[in-house]
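Take a look at the structure set out below.
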Amino acid sequence: MRTRTVVVAGIVLALLIAGVASFYASSNPDGLEYVAEQVGFAETAEDSAAKDSPFADYGTRGVENERLSGGLAGVVGALVVLLLAGGLTLAVRRRGRPADQHTDDKDRV
Amino acid sequence: MHVPDGFLDASTSIATGVAAAGAVGFALSRARHELDDRTAPMAGLVATFVFATQMINFPVGAGTSGHLLGGALAAILVGPWTGLLCISVVLLVQALLLADGGITALGTNVTLMGIVGLLAGWLVFRGLQTVLPKRLGLVPALAGIAGFVSVPVTALAFVGLYAVGGTAPIPLDTLTTAMLGWHTLIGIGEAVITGLVVGSVVAVRPDLVYGARRALKARKLEIRDVEEAAA
């Protein structure tokens with residue numbers, strides 16, 4: 001399978017997880033939140049300065065439908081991560097094509 | 001395991017912020033050796049995948065859930081330095097865009113899930129790979145074990161930070177027991193996801209998996225030996 005196929009398939013899968021499958025995730029507190037409640041320091045948590053972000057807490061402000069609201073926030077977040085991480089790693093990579101790349105291209109024909 | 005603002009005092013948050021910034025700065029220079037034209041797109045994919053998968057909280061019983069931390073997964077797929085960059089981008093976007101994990105706690109979260117969790121997972125993976133046969137088929141299982149270990153180690157690191165700079169006077173032994181107990185269970189989920197994802201990529205394109213390079217190299221050497229013996 002070509003590198004591009006692997007990467008594109010992976011990104012589509014990630015967007016489906018963030019946009020669709022995330023609706024079915026458990027809404028129970030995670031390990032740390034649960035322990036904080038149990039041991040008794042949960043109330044020391046403060047609101048994040050980002051609490052007014054349009055996508056705060058994995059919901060999209062102004063979108064009533066819960067499934068759509070969470071899915072949109074997930075997809076937007078995933079795309080922002082892709083742009084930042086993809087851009088960063090493309091910027092710091094070694095330039096030039098490694099020897100294997102040529103074999104990879106031949107598979108295309 | 002995203003730490004919110006307020007759990008740790010200011011000086012501890014500043015200290016973890018400095019540690020995180022230093023590690024990310026160093027990773028920026030080292031990641032260059034892990035990334036070329038072929039592997040750089042994998043890094044963008046890995047960060048996106050970790051972000052998406054962290055949205056899937058799985059139940060671990062008694063009203064608690066867990067989600068992938070992803071440090072071991074990222075390190076094995078794209079290398080530890082690139083992996084640290086991936087996890088840091090994920091945590092940055094979560095903190096700023098989705099209000100998941102505090103902003104003053106961003107350094108703490110990068111330290112815990114990026115540095116400690118990733119390093120623990122990577123060291124376990126490399127350690128096992130050094131003592132066990134370098135077989136491609138073993139890579140997913142080793143990745144699963146690495147993922148499993150990384151979660152309770154990260155939980156312990158949180159307890160350590162809390163011991164230094166926690167804002168509430170709570171008994172540390174109770175905190176240790178609770179954190180270790182729940183995060184050992186969550187580690188099972190981390191092991192399953194890490195093993196499955198690494199296994200899937202190894203099955204399609206093992207050469208794209210950083211942690212499989214030693215096994216691939218060993219396999220190539222074996223083939224050459226056979227050919228030489230035949231000649």
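Naming works like this for the structure tokens: A, B, ... for the chains as they're shown, residue 1 at the start of each chain, ligands 1 onward in shown order.
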* Members of segment 10-56 of chain A assigned alpha helix (DSSP H) by DSSP, as a list in words -> Gly10, Ile11, Val12, Leu13, Ala14, Leu15, Leu16, Ile17, Ala18, Gly19, Gly31, Leu32, Glu33, Tyr34, Val35, Ala36, Glu37, Gln38 and Val39 of chain A
* Show which residues sit within 8 Å of Trp122 of chain B, as number ranges by chain. Count only C-alpha atoms, and ignore same-chain residues fewer than 2 positions away. => B: 72, 75-76, 80, 118-120, 124-126, 146
With C-alpha atoms retained, could you export that selection as an mmCIF file, in the first residue's frame?
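This went into out.cif:
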data_model
loop_
_atom_site.group_PDB
_atom_site.id
_atom_site.type_symbol
_atom_site.label_atom_id
_atom_site.label_comp_id
_atom_site.auth_asym_id
_atom_site.auth_seq_id
_atom_site.Cartn_x
_atom_site.Cartn_y
_atom_site.Cartn_z
ATOM 1 C CA ALA B 72 3.773 4.855 23.883
ATOM 2 C CA ALA B 75 6.815 6.892 20.181
ATOM 3 C CA ILE B 76 6.605 3.428 18.616
ATOM 4 C CA PRO B 80 10.180 9.204 20.675
ATOM 5 C CA LEU B 118 5.923 8.411 26.419
ATOM 6 C CA LEU B 119 9.371 7.779 27.853
ATOM 7 C CA ALA B 120 8.139 4.965 30.115
ATOM 8 C CA VAL B 124 9.805 -0.641 28.063
ATOM 9 C CA PHE B 125 9.395 -1.250 24.319
ATOM 10 C CA ARG B 126 13.110 -0.808 23.525
ATOM 11 C CA ALA B 146 4.646 -0.640 26.669
#
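In this model, the gap between atom CA of Ile87 of chain B and atom CA of Gly181 of chain B comes to 24.4 Å.
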Using 12 Å as the limit and counting only C-alpha atoms, can you tabulate each residue of segment 88-164 of chain B that touches segment 27-40 of chain B, with its shortest atom-to-atom distance in Å and the two atoms involved, as CSV?
residue,atom,partner,partner_atom,distance
B:Ser88,CA,B:Ala27,CA,10.6
B:Gly114,CA,B:Ala27,CA,11.1
B:Ile115,CA,B:Ala27,CA,10.5
Taking a cut-off of 7 Å and counting only C-alpha atoms, can you build a table that, for each residue of chain A near chain B, reports the nearest atom pair and how far apart they are in Å (one decimal), sorted by chain then residue number, as a Markdown table?
| residue | atom | partner | partner_atom | distance |
| --- | --- | --- | --- | --- |
| A:Met1 | CA | B:Val204 | CA | 6.7 |
| A:Val7 | CA | B:Leu45 | CA | 6.3 |
| A:Gly10 | CA | B:Leu45 | CA | 6.5 |
| A:Ile11 | CA | B:Leu45 | CA | 5.9 |
| A:Ala14 | CA | B:Phe49 | CA | 4.9 |
| A:Leu15 | CA | B:Ala52 | CA | 6.9 |
| A:Ile17 | CA | B:Ala52 | CA | 5.8 |
| A:Ala18 | CA | B:Ala52 | CA | 4.5 |
| A:Ser22 | CA | B:Ile56 | CA | 5.4 |
| A:Ala25 | CA | B:Ile56 | CA | 4.8 |
| A:Ser26 | CA | B:Asn57 | CA | 5.0 |
| A:Asn28 | CA | B:Thr64 | CA | 5.3 |
| A:Pro29 | CA | B:Thr64 | CA | 5.4 |
| A:Asp30 | CA | B:Ser65 | CA | 4.5 |
| A:Gly31 | CA | B:Gly66 | CA | 5.8 |
| A:Leu32 | CA | B:Met1 | CA | 5.5 |
| A:Tyr34 | CA | B:Thr64 | CA | 6.3 |
| A:Val35 | CA | B:Ala178 | CA | 6.1 |
| A:Val39 | CA | B:Leu175 | CA | 6.5 |
| A:Phe41 | CA | B:Ala168 | CA | 6.0 |
| A:Thr44 | CA | B:Gly6 | CA | 5.6 |
| A:Ala45 | CA | B:Gly6 | CA | 4.8 |
| A:Glu46 | CA | B:Gly6 | CA | 5.2 |
| A:Asp47 | CA | B:Asp5 | CA | 6.9 |
| A:Ser48 | CA | B:Gly102 | CA | 5.3 |
| A:Ala49 | CA | B:Ile103 | CA | 6.9 |
| A:Ala50 | CA | B:Ala99 | CA | 5.1 |
| A:Lys51 | CA | B:Ala99 | CA | 5.5 |
| A:Ser53 | CA | B:Leu97 | CA | 5.9 |
| A:Phe55 | CA | B:Leu98 | CA | 5.2 |
| A:Ala56 | CA | B:Leu98 | CA | 4.1 |
| A:Asp57 | CA | B:Leu98 | CA | 5.3 |
| A:Tyr58 | CA | B:Leu98 | CA | 5.6 |
| A:Gly77 | CA | B:Val93 | CA | 6.9 |
| A:Ala78 | CA | B:Thr48 | CA | 5.4 |
| A:Val81 | CA | B:Thr48 | CA | 5.7 |
| A:Leu82 | CA | B:Thr48 | CA | 5.3 |
| A:Leu84 | CA | B:Val89 | CA | 7.0 |
| A:Ala85 | CA | B:Gly44 | CA | 5.0 |
| A:Gly86 | CA | B:Gly44 | CA | 4.0 |
| A:Thr89 | CA | B:Ala40 | CA | 5.6 |
| A:Leu90 | CA | B:Ala40 | CA | 5.6 |
| A:Val92 | CA | B:Arg32 | CA | 5.5 |
| A:Arg93 | CA | B:Leu35 | CA | 4.7 |
| A:Arg94 | CA | B:Asp36 | CA | 4.8 |
| A:Arg95 | CA | B:Asp36 | CA | 6.4 |
| A:Gly96 | CA | B:Asp37 | CA | 6.8 |
| A:Arg97 | CA | B:Asp37 | CA | 6.2 |
| A:Gln101 | CA | B:Arg38 | CA | 6.9 |
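With only C-alpha atoms taken into account, the protein and nucleic acid residues at most 12 Å from segment 217-221 of chain B (excluding it and anything under 6 positions from it in its own chain) are Gln129, Thr130, Pro133, Lys134, Arg135, Leu136, Gly137, Pro206, Asp207, Tyr210, Gly211, Glu227 and Glu228 of chain B.
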Restricting the output to N, CA and C atoms, write the selected residues as a PDB file, in the first residue's frame.
ATOM      1  N   GLN B 129      12.605  -5.184  23.365  1.00  0.00           N
ATOM      2  CA  GLN B 129      13.086  -5.483  22.021  1.00  0.00           C
ATOM      3  C   GLN B 129      14.566  -5.881  22.056  1.00  0.00           C
ATOM      4  N   THR B 130      15.308  -5.339  23.017  1.00  0.00           N
ATOM      5  CA  THR B 130      16.731  -5.657  23.121  1.00  0.00           C
ATOM      6  C   THR B 130      16.954  -7.083  23.615  1.00  0.00           C
ATOM      7  N   PRO B 133      13.851 -11.823  20.874  1.00  0.00           N
ATOM      8  CA  PRO B 133      14.198 -11.945  19.455  1.00  0.00           C
ATOM      9  C   PRO B 133      13.597 -10.791  18.653  1.00  0.00           C
ATOM     10  N   LYS B 134      14.373 -10.274  17.703  1.00  0.00           N
ATOM     11  CA  LYS B 134      13.885  -9.127  16.928  1.00  0.00           C
ATOM     12  C   LYS B 134      12.983  -9.617  15.813  1.00  0.00           C
ATOM     13  N   ARG B 135      11.784 -10.009  16.181  1.00  0.00           N
ATOM     14  CA  ARG B 135      10.830 -10.523  15.195  1.00  0.00           C
ATOM     15  C   ARG B 135       9.718  -9.502  14.989  1.00  0.00           C
ATOM     16  N   LEU B 136       9.339  -9.311  13.744  1.00  0.00           N
ATOM     17  CA  LEU B 136       8.303  -8.343  13.396  1.00  0.00           C
ATOM     18  C   LEU B 136       6.986  -8.676  14.096  1.00  0.00           C
ATOM     19  N   GLY B 137       6.701  -9.983  14.197  1.00  0.00           N
ATOM     20  CA  GLY B 137       5.447 -10.411  14.798  1.00  0.00           C
ATOM     21  C   GLY B 137       5.326 -10.061  16.263  1.00  0.00           C
ATOM     22  N   PRO B 206       5.143  -2.221   7.464  1.00  0.00           N
ATOM     23  CA  PRO B 206       6.035  -2.242   8.638  1.00  0.00           C
ATOM     24  C   PRO B 206       7.149  -1.201   8.559  1.00  0.00           C
ATOM     25  N   ASP B 207       7.532  -0.820   7.327  1.00  0.00           N
ATOM     26  CA  ASP B 207       8.622   0.151   7.195  1.00  0.00           C
ATOM     27  C   ASP B 207       8.223   1.542   7.672  1.00  0.00           C
ATOM     28  N   TYR B 210       8.356   3.201  13.186  1.00  0.00           N
ATOM     29  CA  TYR B 210       9.701   3.473  13.687  1.00  0.00           C
ATOM     30  C   TYR B 210      10.217   2.323  14.564  1.00  0.00           C
ATOM     31  N   GLY B 211       9.359   1.848  15.469  1.00  0.00           N
ATOM     32  CA  GLY B 211       9.769   0.808  16.403  1.00  0.00           C
ATOM     33  C   GLY B 211       9.960  -0.555  15.760  1.00  0.00           C
ATOM     34  N   GLU B 227      20.778 -16.694   1.570  1.00  0.00           N
ATOM     35  CA  GLU B 227      21.258 -16.598   0.200  1.00  0.00           C
ATOM     36  C   GLU B 227      22.745 -16.936   0.099  1.00  0.00           C
ATOM     37  N   GLU B 228      23.495 -16.437   1.100  1.00  0.00           N
ATOM     38  CA  GLU B 228      24.929 -16.726   1.095  1.00  0.00           C
ATOM     39  C   GLU B 228      25.193 -18.213   1.282  1.00  0.00           C
TER      40      GLU B 228
END
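Residue nearest Thr60 of chain A, chosen from A:Leu13, A:Thr5, A:Ser27, A:Gly19 and counting only C-alpha atoms: A:Gly19.
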